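Undergrad: Pasting a structure below so you can have a look.
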Amino acid sequence: MIKEYYRPETIEEALELLARETPLTRPMAGGTELNSPSNDQFDVVDLQSLGLDKIELKGSNIKIGAMATLQDLLSVSDLPSALSEAIHHEATYNLRQSATAAGTLVSATGRSAFATALLALDAQLVMMPNEEKLALGELLPLRSELLKGKLITEILIPGNVKLAYQYVSRSPADLPIVCVAVAAWSSGRTRIVLGGYGTAPIMVVDGKDENDVLSAVGHAYMQAEDEWASAEYRVEIAKTLTKRCLYLVK
């Protein structure tokens with residue numbers, strides 16, 4: 001339950017509010033998560049007036065403002081087509097209009113198509129204060145600790161990398177039971193990420209050696225059983241999707 005609402009005009013003012021020990025204070029981006037039912041009482045800091053919604057090319061990278069919506073991203077001509085597919089799979093049109101890039105990552109579970117794709121791309125987050133840069137893979141396991149008193153302002157993804165995304169779900173509108181994203185650099189570097197299970201996507205491979213990739217995929221999902229699928233099913237599907245993705249990025 002929201003107690004107090006703030007709409008700061010500067011990043012400094014927002015950081016001051018978010019750094020408070022009490023009362024519990026949360027940032028509000030698109031509001032899709034804060035609108036979920038909760039018994040907690042907290043203050044909110046609305047980030048809409050901070051000008052963090054721009055998307056632009058920065059060298060060979062695509063710089064995504066933290067407050068850019070998922071629908072905004074779909075209008076970017078240089079966006080990898082596989083990332084566009086993952087965004088469509090992440091949320092319906094109505095949700096994409098309000099869900100922000102940073103908010104989606106911060107609240108992502110393992111079934112997030114968007115987080116799976118961005119983890120494969122080795123997305124880098126820029127956080128204030130101090131313009132600290134942090135890899136998405138470092139943030140996901142420790143979100144509450146690493147974001148305390150901080151604010152994501154930008155997300156950087158490489159614009160010159162091949163990306164493939166494949167998934168299986170119960171219906172086209174459902175979140176994935178298994179999804180795989182593979183990013184390939186011209187240097188030979190390859191990152192393979194599995195989604196569809198757990199609290200965050202799983203990074204399986206990051207390097208130039210593609211030997212035993214399928215064994216690594218199978219090992220990552222050995223215990224991946226829940227109400228949606230057995231571990232055995234996920235292992236077999238993940239291997240199949242990985243092979244498809246590797247073919248697509250060659």
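Labels used: A, B, ... for chains in the order of the structure tokens, numbers from 1 for residues in each chain, and numbers from 1 for ligands as shown.
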Give the strand (DSSP E or B) residues of range 16-249 of chain A, as DSSP finds them on the backbone, and put them as JSON, numbers by chain.
TA: {"A": [25, 26, 27, 28, 42, 43, 44, 45, 46, 55, 56, 57, 58, 61, 62, 63, 64, 65, 69, 100, 124, 125, 126, 127, 128, 132, 133, 134, 135, 151, 152, 153, 154, 155, 156, 157, 158, 162, 163, 164, 165, 166, 167, 168, 178, 179, 180, 181, 182, 183, 184, 190, 191, 192, 193, 194, 195, 202, 203, 204, 205, 206, 207]}
Undergrad: Quick one: residues within 10 Å of Glu138 in chain A, only C-alpha atoms, excluding same-chain residues fewer than 6 positions away - as a short mmCIF file (atom, residue, chain, number, x, y, z; two decimals) with C-alpha atoms, in the first residue's frame?
TA:
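After the write, around26.cif holds the following:
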```cif
data_model
loop_
_atom_site.label_atom_id
_atom_site.label_comp_id
_atom_site.auth_asym_id
_atom_site.auth_seq_id
_atom_site.Cartn_x
_atom_site.Cartn_y
_atom_site.Cartn_z
CA LEU A 119 21.80 -11.25 -20.31
CA GLN A 124 25.69 -3.17 -18.88
CA LEU A 125 23.77 -0.98 -16.43
CA LEU A 146 23.13 -3.70 -5.07
#
```
Undergrad: Can you write out as CSV which residues of range 165-196 of chain A fall within 12 Å of range 94-110 of chain A, alongside each residue's closest atom pair and its distance in Å to one decimal, counting only C-alpha atoms and ordering rows by chain and ascending residue number?
TA:
```
residue,atom,partner,partner_atom,distance
A:Leu175,CA,A:Gly110,CA,10.0
A:Pro176,CA,A:Gly110,CA,9.2
A:Ile177,CA,A:Gly110,CA,9.6
A:Val178,CA,A:Gly110,CA,9.5
A:Cys179,CA,A:Gly110,CA,9.5
A:Val180,CA,A:Gly110,CA,11.2
A:Val193,CA,A:Gly110,CA,10.4
A:Leu194,CA,A:Gly110,CA,8.3
A:Gly195,CA,A:Gly110,CA,5.2
A:Gly196,CA,A:Gly110,CA,5.3
```
Undergrad: I'd like the interatomic distance between CA of Leu136 in chain A and CA of His219 in chain A, to a tenth of an Å.
TA: 22.3 Å
Undergrad: Between A:Lys250, A:Arg111, A:Arg191, A:Lys54, which has the minimum distance to Ala123 in chain A (counting only C-alpha atoms)?
TA: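 Among the listed residues, A:Arg191 lies closest to Ala123 in chain A.
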